[in-house]
file entry37.txt (compact mmCIF, C-alpha atoms and all ligand atoms)
# COMPACT_ATOMS: atom_id res chain seq x y z
CA MET A 3 -20.00 -6.44 3.77
CA ASN A 4 -17.24 -7.63 1.50
CA THR A 5 -16.89 -11.36 1.47
CA VAL A 6 -14.26 -13.54 -0.07
CA SER A 7 -15.71 -16.98 -0.58
CA ASP A 8 -12.57 -18.20 -2.28
CA PRO A 9 -9.61 -15.84 -2.09
CA LYS A 10 -7.66 -18.03 -4.49
CA SER A 11 -10.00 -16.79 -7.18
CA PHE A 12 -10.12 -13.41 -5.38
CA GLN A 13 -13.86 -13.11 -5.82
CA TYR A 14 -14.80 -9.85 -4.26
CA ASP A 15 -17.93 -7.77 -4.24
CA GLN A 16 -16.08 -4.45 -4.26
CA THR A 17 -16.89 -4.15 -7.97
CA GLN A 18 -20.50 -3.66 -6.93
CA ALA A 19 -19.46 -0.96 -4.49
CA LEU A 20 -17.71 0.77 -7.38
CA ALA A 21 -20.65 0.49 -9.75
CA GLY A 22 -22.19 3.64 -11.19
CA SER A 23 -20.66 7.07 -11.31
CA ALA A 24 -18.20 6.38 -8.47
CA ALA A 25 -16.35 3.95 -10.75
CA ALA A 26 -15.08 6.86 -12.85
CA GLU A 27 -13.64 8.63 -9.80
CA PRO A 28 -9.96 7.98 -9.16
CA ALA A 29 -9.06 6.11 -5.96
CA VAL A 30 -6.93 9.07 -4.89
CA ARG A 31 -6.83 12.64 -6.10
CA PHE A 32 -4.28 15.14 -4.81
CA ARG A 33 -3.84 18.79 -5.62
CA LYS A 34 -0.89 21.07 -4.84
CA LEU A 35 0.18 18.74 -2.06
CA SER A 36 3.16 19.98 -0.11
CA LYS A 37 5.13 18.70 2.85
CA THR A 38 7.83 20.56 4.71
CA TYR A 39 9.67 18.81 7.55
CA ARG A 40 11.10 20.94 10.33
CA MET A 41 14.54 19.79 11.47
CA ASP A 42 16.50 21.72 14.11
CA ARG A 43 14.58 24.88 13.21
CA VAL A 44 15.41 24.39 9.53
CA ASP A 45 12.62 23.78 7.03
CA VAL A 46 13.17 20.83 4.67
CA PRO A 47 10.71 21.08 1.75
CA ALA A 48 10.16 17.45 0.68
CA LEU A 49 7.14 18.01 -1.59
CA ARG A 50 6.53 21.30 -3.36
CA GLY A 51 2.94 21.24 -4.56
CA VAL A 52 2.36 17.98 -6.43
CA SER A 53 -0.91 17.17 -8.18
CA GLY A 54 -2.10 13.89 -9.63
CA ARG A 55 -4.36 10.88 -9.30
CA ILE A 56 -4.29 7.18 -8.56
CA ASP A 57 -6.66 5.26 -10.83
CA ARG A 58 -9.19 2.87 -9.34
CA ALA A 59 -8.25 -0.76 -9.78
CA GLY A 60 -5.00 0.26 -11.46
CA THR A 61 -1.33 0.00 -10.52
CA THR A 62 0.53 3.29 -10.15
CA PHE A 63 4.28 3.40 -9.66
CA ILE A 64 5.95 6.31 -7.88
CA THR A 65 9.54 6.64 -9.09
CA GLY A 66 12.34 9.16 -8.80
CA PRO A 67 15.87 9.66 -7.46
CA SER A 68 16.80 9.10 -3.83
CA GLY A 69 15.57 11.95 -1.65
CA SER A 70 13.13 13.24 -4.30
CA GLY A 71 10.07 12.82 -2.04
CA LYS A 72 8.63 9.43 -3.07
CA SER A 73 8.16 8.04 0.45
CA THR A 74 6.84 11.39 1.64
CA LEU A 75 4.15 11.31 -1.07
CA LEU A 76 3.33 7.67 -0.32
CA ASN A 77 3.00 8.43 3.40
CA LEU A 78 0.59 11.26 2.64
CA LEU A 79 -1.49 9.13 0.25
CA GLY A 80 -1.65 6.38 2.91
CA LEU A 81 -2.65 8.86 5.65
CA LEU A 82 0.46 7.97 7.63
CA ASP A 83 1.47 11.62 7.68
CA ARG A 84 -0.23 14.96 7.08
CA PRO A 85 0.44 17.42 4.28
CA THR A 86 1.61 20.94 5.07
CA GLY A 87 -0.60 22.24 2.26
CA GLY A 88 -2.86 21.14 -0.58
CA GLU A 89 -5.86 18.84 -0.89
CA LEU A 90 -6.16 15.08 -0.71
CA THR A 91 -9.21 12.97 -1.53
CA VAL A 92 -9.00 9.22 -0.91
CA LEU A 93 -11.82 6.89 -2.02
CA GLY A 94 -14.10 9.86 -2.53
CA GLU A 95 -13.52 11.30 0.95
CA ASP A 96 -11.71 14.58 1.59
CA VAL A 97 -9.13 13.40 4.13
CA THR A 98 -7.02 16.57 4.24
CA GLY A 99 -8.14 17.64 7.68
CA LEU A 100 -8.79 14.31 9.41
CA SER A 101 -7.74 14.01 13.05
CA ASP A 102 -5.09 11.39 13.90
CA ARG A 103 -7.76 9.10 15.28
CA ALA A 104 -10.02 9.45 12.24
CA ALA A 105 -7.01 8.88 9.94
CA ALA A 106 -6.11 5.70 11.85
CA ASP A 107 -9.68 4.49 11.55
CA PHE A 108 -9.74 5.29 7.81
CA ARG A 109 -6.47 3.39 7.31
CA ALA A 110 -7.73 0.36 9.19
CA ARG A 111 -10.92 0.26 7.13
CA HIS A 112 -9.60 1.01 3.66
CA ILE A 113 -5.82 0.78 3.23
CA GLY A 114 -3.36 -2.12 3.25
CA PHE A 115 0.39 -1.48 3.59
CA VAL A 116 3.39 -3.43 2.32
CA PHE A 117 6.80 -2.20 3.49
CA GLN A 118 10.35 -2.82 2.30
CA SER A 119 11.30 -4.39 5.62
CA PHE A 120 8.16 -6.60 5.70
CA ASN A 121 7.39 -5.44 9.29
CA LEU A 122 6.32 -8.90 10.42
CA ILE A 123 6.18 -9.69 14.14
CA PRO A 124 8.99 -12.20 14.76
CA VAL A 125 7.42 -14.03 17.73
CA LEU A 126 4.13 -14.71 15.93
CA SER A 127 3.51 -17.48 13.40
CA LEU A 128 2.78 -16.54 9.79
CA ARG A 129 -0.92 -17.18 10.41
CA GLU A 130 -0.93 -14.97 13.51
CA ASN A 131 0.88 -12.23 11.60
CA VAL A 132 -1.77 -12.27 8.87
CA GLU A 133 -4.58 -12.37 11.45
CA PHE A 134 -3.19 -9.30 13.19
CA PRO A 135 -5.08 -6.58 11.20
CA LEU A 136 -8.35 -8.39 11.96
CA LEU A 137 -7.95 -8.38 15.76
CA ASN A 138 -10.17 -5.35 16.33
CA ARG A 139 -12.82 -6.53 13.87
CA LYS A 140 -16.06 -7.98 15.11
CA MET A 141 -15.22 -11.50 13.98
CA SER A 142 -15.02 -14.78 15.84
CA GLY A 143 -11.54 -16.21 16.43
CA ALA A 144 -12.39 -19.10 14.12
CA ALA A 145 -13.48 -16.76 11.30
CA ARG A 146 -10.30 -14.69 11.70
CA LYS A 147 -8.16 -17.78 11.57
CA ALA A 148 -9.98 -19.12 8.51
CA ARG A 149 -9.61 -15.78 6.69
CA ALA A 150 -5.87 -15.64 7.45
CA MET A 151 -5.44 -19.22 6.24
CA ASP A 152 -7.30 -18.40 3.02
CA TYR A 153 -5.02 -15.46 2.25
CA LEU A 154 -1.84 -17.37 3.07
CA ASP A 155 -3.12 -20.05 0.71
CA ALA A 156 -3.76 -17.38 -1.94
CA VAL A 157 -0.11 -16.23 -1.81
CA GLY A 158 1.13 -19.81 -1.99
CA LEU A 159 2.15 -20.33 1.64
CA ALA A 160 -0.52 -22.73 2.92
CA ASP A 161 2.13 -25.26 3.98
CA LEU A 162 4.13 -22.81 6.10
CA VAL A 163 1.43 -21.16 8.24
CA ASN A 164 2.89 -22.30 11.56
CA ARG A 165 6.41 -21.10 10.83
CA ARG A 166 7.76 -17.82 12.18
CA PRO A 167 9.08 -15.04 9.92
CA GLY A 168 12.69 -15.93 10.81
CA GLU A 169 12.18 -19.42 9.38
CA ILE A 170 11.30 -18.45 5.79
CA SER A 171 13.02 -16.65 2.89
CA GLY A 172 12.80 -12.92 2.11
CA GLY A 173 10.49 -13.50 -0.84
CA GLN A 174 8.21 -15.64 1.33
CA ARG A 175 8.22 -12.93 4.02
CA GLN A 176 7.07 -10.39 1.48
CA ARG A 177 4.30 -12.79 0.40
CA VAL A 178 3.18 -12.96 4.04
CA ALA A 179 3.24 -9.15 4.16
CA ILE A 180 1.05 -9.05 1.04
CA ALA A 181 -1.41 -11.53 2.60
CA ARG A 182 -1.46 -9.35 5.74
CA ALA A 183 -2.09 -6.21 3.65
CA LEU A 184 -4.99 -7.91 1.85
CA VAL A 185 -6.65 -9.80 4.67
CA SER A 186 -8.71 -6.78 5.71
CA GLU A 187 -9.82 -6.51 2.05
CA PRO A 188 -8.73 -2.88 1.51
CA SER A 189 -9.70 -0.74 -1.47
CA LEU A 190 -6.19 0.71 -1.66
CA VAL A 191 -2.82 -1.02 -1.22
CA ILE A 192 0.25 1.14 -0.59
CA ALA A 193 3.65 -0.50 -1.05
CA ASP A 194 6.90 1.30 -0.18
CA GLU A 195 9.87 -0.32 -1.96
CA PRO A 196 8.27 -3.77 -1.53
CA THR A 197 11.04 -5.50 -3.48
CA ALA A 198 14.10 -3.59 -2.25
CA ASN A 199 15.42 -6.54 -0.25
CA LEU A 200 14.68 -9.18 -2.88
CA ASP A 201 16.56 -10.58 -5.89
CA SER A 202 15.32 -9.54 -9.32
CA ARG A 203 13.42 -12.79 -10.05
CA THR A 204 11.60 -12.73 -6.70
CA SER A 205 10.94 -9.00 -7.20
CA ARG A 206 9.17 -9.69 -10.49
CA GLU A 207 7.16 -12.49 -8.85
CA ILE A 208 6.07 -10.16 -6.04
CA VAL A 209 4.99 -7.46 -8.50
CA ALA A 210 3.14 -10.10 -10.58
CA LEU A 211 1.36 -11.29 -7.42
CA MET A 212 0.32 -7.74 -6.56
CA ASP A 213 -0.84 -7.26 -10.14
CA ARG A 214 -2.97 -10.41 -9.94
CA VAL A 215 -4.52 -9.16 -6.72
CA ARG A 216 -5.24 -5.80 -8.28
CA THR A 217 -6.99 -7.35 -11.26
CA GLU A 218 -9.00 -9.92 -9.36
CA LEU A 219 -9.92 -7.87 -6.29
CA ASN A 220 -10.33 -4.54 -8.09
CA THR A 221 -7.92 -3.05 -5.59
CA SER A 222 -5.97 0.12 -6.39
CA VAL A 223 -2.24 -0.44 -5.91
CA VAL A 224 0.46 2.21 -5.45
CA ILE A 225 4.07 1.03 -5.51
CA CYS A 226 7.02 3.27 -4.72
CA THR A 227 10.23 1.87 -6.23
CA HIS A 228 13.74 2.70 -7.40
CA ASP A 229 13.61 -0.23 -9.79
CA THR A 230 12.11 0.99 -13.06
CA ASP A 231 12.51 -2.52 -14.56
CA LEU A 232 9.51 -3.53 -12.46
CA ILE A 233 7.15 -1.11 -14.19
CA THR A 234 4.62 -2.97 -16.31
CA PRO A 235 3.38 -1.37 -19.57
CA ALA A 236 -0.22 -1.00 -18.38
CA SER A 237 0.68 0.88 -15.20
CA ALA A 238 0.64 4.59 -14.55
CA VAL A 239 3.82 6.32 -13.39
CA ILE A 240 4.24 9.37 -11.18
CA HIS A 241 7.83 10.52 -11.47
CA ILE A 242 9.06 12.81 -8.69
CA ILE A 243 12.13 15.00 -8.98
CA ASP A 244 13.15 17.35 -6.20
CA GLY A 245 9.70 17.33 -4.61
CA GLN A 246 7.81 17.97 -7.85
CA THR A 247 6.13 15.75 -10.43
CA ALA A 248 7.93 15.43 -13.74
CA GLU A 249 6.32 14.52 -17.04
CA GLU A 250 7.42 11.07 -18.19
N1 LIG A 301 11.06 12.71 8.92
C1 LIG A 301 11.81 13.56 8.21
N2 LIG A 301 12.36 14.64 8.78
C2 LIG A 301 13.10 15.51 8.07
N3 LIG A 301 13.35 15.39 6.75
C3 LIG A 301 12.84 14.33 6.12
C4 LIG A 301 12.05 13.36 6.81
N4 LIG A 301 11.68 12.39 5.91
C5 LIG A 301 12.21 12.77 4.74
N5 LIG A 301 12.92 13.91 4.86
C6 LIG A 301 13.59 14.64 3.78
O1 LIG A 301 12.64 14.89 2.76
C7 LIG A 301 13.21 14.68 1.47
C8 LIG A 301 12.43 13.60 0.74
O2 LIG A 301 12.59 12.35 1.43
P1 LIG A 301 11.85 11.03 0.98
O3 LIG A 301 12.18 9.97 1.99
O4 LIG A 301 10.43 11.30 0.71
O5 LIG A 301 12.57 10.70 -0.41
P2 LIG A 301 12.59 9.37 -1.28
O6 LIG A 301 12.45 9.81 -2.69
O7 LIG A 301 11.59 8.41 -0.75
O8 LIG A 301 14.06 8.85 -1.00
P3 LIG A 301 14.65 7.34 -1.05
O9 LIG A 301 14.44 6.87 -2.45
O10 LIG A 301 16.11 7.54 -0.73
O11 LIG A 301 13.91 6.56 -0.02
C9 LIG A 301 14.67 14.34 1.70
O12 LIG A 301 15.42 15.52 1.61
C10 LIG A 301 14.68 13.81 3.12
O13 LIG A 301 15.93 14.01 3.71

call {"tool": "encode", "arguments": {"input": "entry37.txt", "output": "structure tokens"}}
result
Amino acid sequence: MNTVSDPKSFQYDQTQALAGSAAAEPAVRFRKLSKTYRMDRVDVPALRGVSGRIDRAGTTFITGPSGSGKSTLLNLLGLLDRPTGGELTVLGEDVTGLSDRAAADFRARHIGFVFQSFNLIPVLSLRENVEFPLLNRKMSGAARKARAMDYLDAVGLADLVNRRPGEISGGQRQRVAIARALVSEPSLVIADEPTANLDSRTSREIVALMDRVRTELNTSVVICTHDTDLITPASAVIHIIDGQTAEE
């Protein structure tokens, strides 16, 4: 079992899980992935056979013009939607043909999500929001609460845990969303335009926070963004144009 004795230092035993030959495997591998939406009997091809990989313990940005297929790709990689064609392997498992139920179970066990609109539950406190992904885990209430508190502390919000999302700033809301994405200690974090509603300084802080998490937890992070200024030199980039990958 993964344990975080001190999430501020993000000590994490996932490195051991990645030891050996598995460490060389990418977190995600996709081949000729396609997605066609059907709208009013008209086919809308959003992805036209994209291939690529997401490195383990790396940050990968997905960029491209509006409507190019970025969110579609992210939704497929996060098992939120199914491809029309192609192959998808996530964390060494071929997930192409998983049932909805198996995909939901896989997501709950392995993937954390950060969305543009934060998706926090307004009537719950920040602590309760962060506890939420742990509710169906076999953990005592006290352990859940302690874990949520640890992660809120790790994102710098220890003093605000009893506030509700409407009582904090946008940047703080996104920090809560990051704590919520991490609290289940996922191997893969998927972030769809996580800074779209934030000013440029807060955006850089949020990306720096996600980068720190990636380094210290050995988590693989995928960030879809319009804002190419956020791309750090060490990260990989998948550029999508008109449903296809383009060479940078
Ligand atoms: N649920 C859907 N039903 C029908 N068409 C869709 C659906 N979602 C996306 N599309 C279409 O698929 C294409 C790709 O959309 P997608 O949202 O992946 O692009 P994007 O690059 O993320 O765009 P943006 O940067 O504006 O968010 C677009 O033509 C879009 O209109």

call {"tool": "residues_near_point", "arguments": {"input": "entry37.txt", "point": "(-3.8, 10.2, -7.6)", "cutoff": "8 Å", "atoms": "only C-alpha atoms", "output": "list in words"}}
result
Pro28, Ala29, Val30, Arg31, Phe32, Ser53, Gly54, Arg55, Ile56 and Asp57 of chain A

call {"tool": "atom_distance", "arguments": {"input": "entry37.txt", "atom1": "CA of Leu128 in chain A", "atom2": "CA of Phe63 in chain A"}}
result
27.9 Å

call {"tool": "residues_near_ligand", "arguments": {"input": "entry37.txt", "ligand": "ligand LIG 301 (chain A)", "cutoff": "12 Å", "atoms": "only C-alpha atoms and all ligand atoms", "output": "count of residues only"}}
result
53

call {"tool": "atom_distance", "arguments": {"input": "entry37.txt", "atom1": "CA of Pro124 in chain A", "atom2": "CA of Ala181 in chain A"}}
result
16.0 Å

call {"tool": "atom_distance", "arguments": {"input": "entry37.txt", "atom1": "CA of Val97 in chain A", "atom2": "CA of Leu81 in chain A"}}
result
8.1 Å

call {"tool": "residues_around", "arguments": {"input": "entry37.txt", "residues": "Val157 in chain A", "least_positions_apart": "2", "cutoff": "10 Å", "atoms": "only C-alpha atoms", "output": "list in words"}}
result
Pro9, Lys10, Asp152, Tyr153, Leu154, Asp155, Leu159, Ala160, Gln174, Gln176, Arg177, Val178, Ala179, Ile180, Ala181, Ile208, Leu211, Met212 and Val215 of chain A

call {"tool": "write_last_selection", "arguments": {"input": "entry37.txt", "atoms": "C-alpha atoms", "output": "CSV table (one decimal), in the frame of the given file"}}
result
chain,number,residue,atom,x,y,z
A,9,PRO,CA,-9.6,-15.8,-2.1
A,10,LYS,CA,-7.7,-18.0,-4.5
A,152,ASP,CA,-7.3,-18.4,3.0
A,153,TYR,CA,-5.0,-15.5,2.2
A,154,LEU,CA,-1.8,-17.4,3.1
A,155,ASP,CA,-3.1,-20.0,0.7
A,159,LEU,CA,2.2,-20.3,1.6
A,160,ALA,CA,-0.5,-22.7,2.9
A,174,GLN,CA,8.2,-15.6,1.3
A,176,GLN,CA,7.1,-10.4,1.5
A,177,ARG,CA,4.3,-12.8,0.4
A,178,VAL,CA,3.2,-13.0,4.0
A,179,ALA,CA,3.2,-9.2,4.2
A,180,ILE,CA,1.0,-9.0,1.0
A,181,ALA,CA,-1.4,-11.5,2.6
A,208,ILE,CA,6.1,-10.2,-6.0
A,211,LEU,CA,1.4,-11.3,-7.4
A,212,MET,CA,0.3,-7.7,-6.6
A,215,VAL,CA,-4.5,-9.2,-6.7

call {"tool": "residues_around", "arguments": {"input": "entry37.txt", "residues": "Asp213 in chain A", "least_positions_apart": "6", "cutoff": "12 Å", "atoms": "all atoms listed in the file", "output": "MDAnalysis selection string"}}
result
chainID A and resid 59:63 180 191 206:207 219:225 232:237

call {"tool": "closest_residue", "arguments": {"input": "entry37.txt", "among": "A:Leu190, A:Val209, A:Val185, A:Leu200", "to": "Gly80 in chain A", "atoms": "only C-alpha atoms"}}
result
A:Leu190

call {"tool": "closest_residue", "arguments": {"input": "entry37.txt", "among": "A:Ile123, A:Ala210, A:Ala144, A:Val52", "to": "Gly87 in chain A", "atoms": "all atoms listed in the file"}}
result
A:Val52

call {"tool": "closest_residue", "arguments": {"input": "entry37.txt", "among": "A:Leu122, A:Ala145, A:Leu90, A:Ala150", "to": "Ile170 in chain A", "atoms": "only C-alpha atoms"}}
result
A:Leu122

call {"tool": "closest_residue", "arguments": {"input": "entry37.txt", "among": "A:Thr86, A:Ser142, A:Ser186, A:Ser171", "to": "Ala110 in chain A", "atoms": "all atoms listed in the file"}}
result
A:Ser186

call {"tool": "closest_residue", "arguments": {"input": "entry37.txt", "among": "A:Ser101, A:Ala248, A:Asp96, A:Leu136", "to": "Gly51 in chain A", "atoms": "only C-alpha atoms"}}
result
A:Ala248

call {"tool": "closest_residue", "arguments": {"input": "entry37.txt", "among": "A:Pro85, A:Met141, A:Thr230, A:Val132", "to": "Leu100 in chain A", "atoms": "only C-alpha atoms"}}
result
A:Pro85

call {"tool": "build_atoms", "arguments": {"input": "entry37.txt", "residues": "range 199-211 of chain A", "atoms": "N, CA and C atoms", "output": "PDB file, in the coordinates of the input"}}
result
ATOM      1  N   ASN A 199      14.535  -5.553  -0.874  1.00  0.00           N
ATOM      2  CA  ASN A 199      15.420  -6.540  -0.250  1.00  0.00           C
ATOM      3  C   ASN A 199      15.390  -7.887  -0.967  1.00  0.00           C
ATOM      4  N   LEU A 200      14.874  -7.901  -2.193  1.00  0.00           N
ATOM      5  CA  LEU A 200      14.680  -9.180  -2.880  1.00  0.00           C
ATOM      6  C   LEU A 200      15.498  -9.230  -4.172  1.00  0.00           C
ATOM      7  N   ASP A 201      15.855 -10.450  -4.604  1.00  0.00           N
ATOM      8  CA  ASP A 201      16.560 -10.580  -5.890  1.00  0.00           C
ATOM      9  C   ASP A 201      15.600 -10.252  -7.031  1.00  0.00           C
ATOM     10  N   SER A 202      16.151 -10.081  -8.238  1.00  0.00           N
ATOM     11  CA  SER A 202      15.320  -9.540  -9.320  1.00  0.00           C
ATOM     12  C   SER A 202      14.201 -10.510  -9.718  1.00  0.00           C
ATOM     13  N   ARG A 203      14.471 -11.831  -9.661  1.00  0.00           N
ATOM     14  CA  ARG A 203      13.420 -12.790 -10.050  1.00  0.00           C
ATOM     15  C   ARG A 203      12.276 -12.748  -9.033  1.00  0.00           C
ATOM     16  N   THR A 204      12.637 -12.771  -7.744  1.00  0.00           N
ATOM     17  CA  THR A 204      11.600 -12.730  -6.700  1.00  0.00           C
ATOM     18  C   THR A 204      10.858 -11.395  -6.770  1.00  0.00           C
ATOM     19  N   SER A 205      11.576 -10.319  -7.082  1.00  0.00           N
ATOM     20  CA  SER A 205      10.940  -9.000  -7.200  1.00  0.00           C
ATOM     21  C   SER A 205       9.849  -9.029  -8.257  1.00  0.00           C
ATOM     22  N   ARG A 206      10.171  -9.625  -9.404  1.00  0.00           N
ATOM     23  CA  ARG A 206       9.170  -9.690 -10.490  1.00  0.00           C
ATOM     24  C   ARG A 206       7.981 -10.545 -10.065  1.00  0.00           C
ATOM     25  N   GLU A 207       8.262 -11.635  -9.328  1.00  0.00           N
ATOM     26  CA  GLU A 207       7.160 -12.490  -8.850  1.00  0.00           C
ATOM     27  C   GLU A 207       6.241 -11.725  -7.898  1.00  0.00           C
ATOM     28  N   ILE A 208       6.864 -10.921  -7.024  1.00  0.00           N
ATOM     29  CA  ILE A 208       6.070 -10.160  -6.040  1.00  0.00           C
ATOM     30  C   ILE A 208       5.187  -9.132  -6.760  1.00  0.00           C
ATOM     31  N   VAL A 209       5.781  -8.443  -7.760  1.00  0.00           N
ATOM     32  CA  VAL A 209       4.990  -7.460  -8.500  1.00  0.00           C
ATOM     33  C   VAL A 209       3.872  -8.155  -9.287  1.00  0.00           C
ATOM     34  N   ALA A 210       4.166  -9.344  -9.848  1.00  0.00           N
ATOM     35  CA  ALA A 210       3.140 -10.100 -10.580  1.00  0.00           C
ATOM     36  C   ALA A 210       2.017 -10.514  -9.633  1.00  0.00           C
ATOM     37  N   LEU A 211       2.381 -10.900  -8.404  1.00  0.00           N
ATOM     38  CA  LEU A 211       1.360 -11.290  -7.420  1.00  0.00           C
ATOM     39  C   LEU A 211       0.474 -10.085  -7.075  1.00  0.00           C
TER      40      LEU A 211
END
